[in-house]
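The structure appears below as structure tokens.
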Amino acid sequence: MASKPLRHPEMDRVTVADLLHALADPTRLAIVFELSRSESGLNCSETVSRVGVPLPKSTCSQHYQILRESGLIRCERRGVELTSHLRREELSAHFPGLLDAILHAHRKAKPPA
């Protein structure tokens with residue numbers, strides 16, 4: 001049975017409201033922050049491990065769906081896993097400085113590890 005295709009909105013359909021809604025949740029913001037630090041992308045398990053918040057698989061899937069459908073991340077299937085990448089270049093082209101400002105504020109507010 002084939003996997004259901006993943007929905008990734010075209011950047012011209014993404015709105016600031018979509019992005020801010022997705023990033024309003026602290027866990028999703030932490031996920032995006034960790035993805036911003038990874039060049040090769042991360043799967044859900046790797047990201048949750050870095051975020052340090054235990055999440056049931058269904059909750060993790062819901063967070064990733066919101067991030068993907070908002071236009072923040074792109075996911076690709078690698079076997080049975082999904083690897084997610086931040087759409088940094090596309091976001092920066094359409095919303096100059098927005099993502100960097102949000103990630104900078106998150107980094108400043110995040111307690112040192």
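Residue names in the structure tokens use chain letters A, B, ... in the order shown, residue numbers from 1 in each chain, and ligand numbers from 1 in the order shown.
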
Which residues are close to Glu34 in chain A, i.e. within 9 Å by only C-alpha atoms, leaving aside same-chain residues fewer than 6 positions away? Reply as a PyMOL selection string. chain A and resi 42+47+50-51

Just list the residues in chain A DSSP gives alpha helix (DSSP H) on the backbone, as a PyMOL selection string. chain A and resi 16-23+26-36+44-51+57-70+88-94+98-109

Nearest to Leu98 in chain A by atom-to-atom distance, counting only C-alpha atoms, from A:Ile66, A:Met11, A:Leu20, A:Ile73: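 Smallest separation from Leu98 in chain A among the options: A:Leu20.
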
One number please: CA of Arg37 in chain A to CA of Pro96 in chain A, in Å, one decimal.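 Going from CA of Arg37 in chain A over to CA of Pro96 in chain A covers 18.8 Å.
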
Using DSSP secondary structure from the backbone, list all strand (DSSP E or B) positions within chain A, as number ranges by chain. A: 42-43, 73-78, 81-86

Would you put the residues from that selection into a file with N, CA and C atoms, as a short mmCIF file (atom, residue, chain, number, x, y, z; two decimals), in the first residue's frame?
```cif
data_model
loop_
_atom_site.label_atom_id
_atom_site.label_comp_id
_atom_site.auth_asym_id
_atom_site.auth_seq_id
_atom_site.Cartn_x
_atom_site.Cartn_y
_atom_site.Cartn_z
N LEU A 42 16.10 16.30 10.48
CA LEU A 42 15.97 15.39 11.63
C LEU A 42 14.65 14.64 11.51
N ASN A 43 14.64 13.42 12.05
CA ASN A 43 13.36 12.73 12.15
C ASN A 43 12.72 13.09 13.49
N ILE A 73 8.08 23.71 7.52
CA ILE A 73 9.00 22.59 7.29
C ILE A 73 8.59 21.82 6.04
N ARG A 74 9.56 21.10 5.51
CA ARG A 74 9.32 20.17 4.41
C ARG A 74 9.76 18.80 4.90
N CYS A 75 8.93 17.81 4.66
CA CYS A 75 9.23 16.44 5.11
C CYS A 75 9.41 15.54 3.90
N GLU A 76 10.31 14.59 4.04
CA GLU A 76 10.51 13.59 2.99
C GLU A 76 10.60 12.22 3.63
N ARG A 77 10.04 11.27 2.94
CA ARG A 77 10.06 9.89 3.43
C ARG A 77 11.41 9.26 3.11
N ARG A 78 11.96 8.62 4.11
CA ARG A 78 13.18 7.82 3.94
C ARG A 78 12.87 6.46 4.56
N GLU A 81 10.65 6.24 7.86
CA GLU A 81 10.80 7.49 8.63
C GLU A 81 10.54 8.71 7.77
N LEU A 82 10.15 9.78 8.46
CA LEU A 82 10.03 11.08 7.82
C LEU A 82 11.16 11.95 8.34
N THR A 83 11.90 12.55 7.43
CA THR A 83 12.94 13.49 7.81
C THR A 83 12.43 14.88 7.48
N SER A 84 12.57 15.79 8.44
CA SER A 84 12.05 17.14 8.27
C SER A 84 13.18 18.14 8.16
N HIS A 85 12.94 19.14 7.32
CA HIS A 85 13.89 20.23 7.09
C HIS A 85 13.14 21.55 7.23
N LEU A 86 13.78 22.51 7.82
CA LEU A 86 13.22 23.86 7.88
C LEU A 86 13.30 24.49 6.49
#
```

Env of Ser36 in chain A: 12 Å cut, atoms = only C-alpha atoms, seq-sep filter 2 positions within chain, self excluded. Answer as a VMD selection string. chain A and resid 29 to 34 38 to 42 47 72 to 73 84 to 89 99 to 100 102 to 104 106 to 107

Given the choices A:Gly97, A:Gly71, A:Gly79, A:Pro56, which gets closest to Arg13 in chain A if the distance is worked out from only C-alpha atoms?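 Among A:Gly97, A:Gly71, A:Gly79, A:Pro56, it is A:Gly71 that comes nearest to Arg13 in chain A.
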
Selected residue, from A:Gln65, A:Pro5, A:Cys60, A:Ala105, that lies nearest to Ala22 in chain A when counting only C-alpha atoms: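 Under the stated criterion, the closest residue is A:Gln65.
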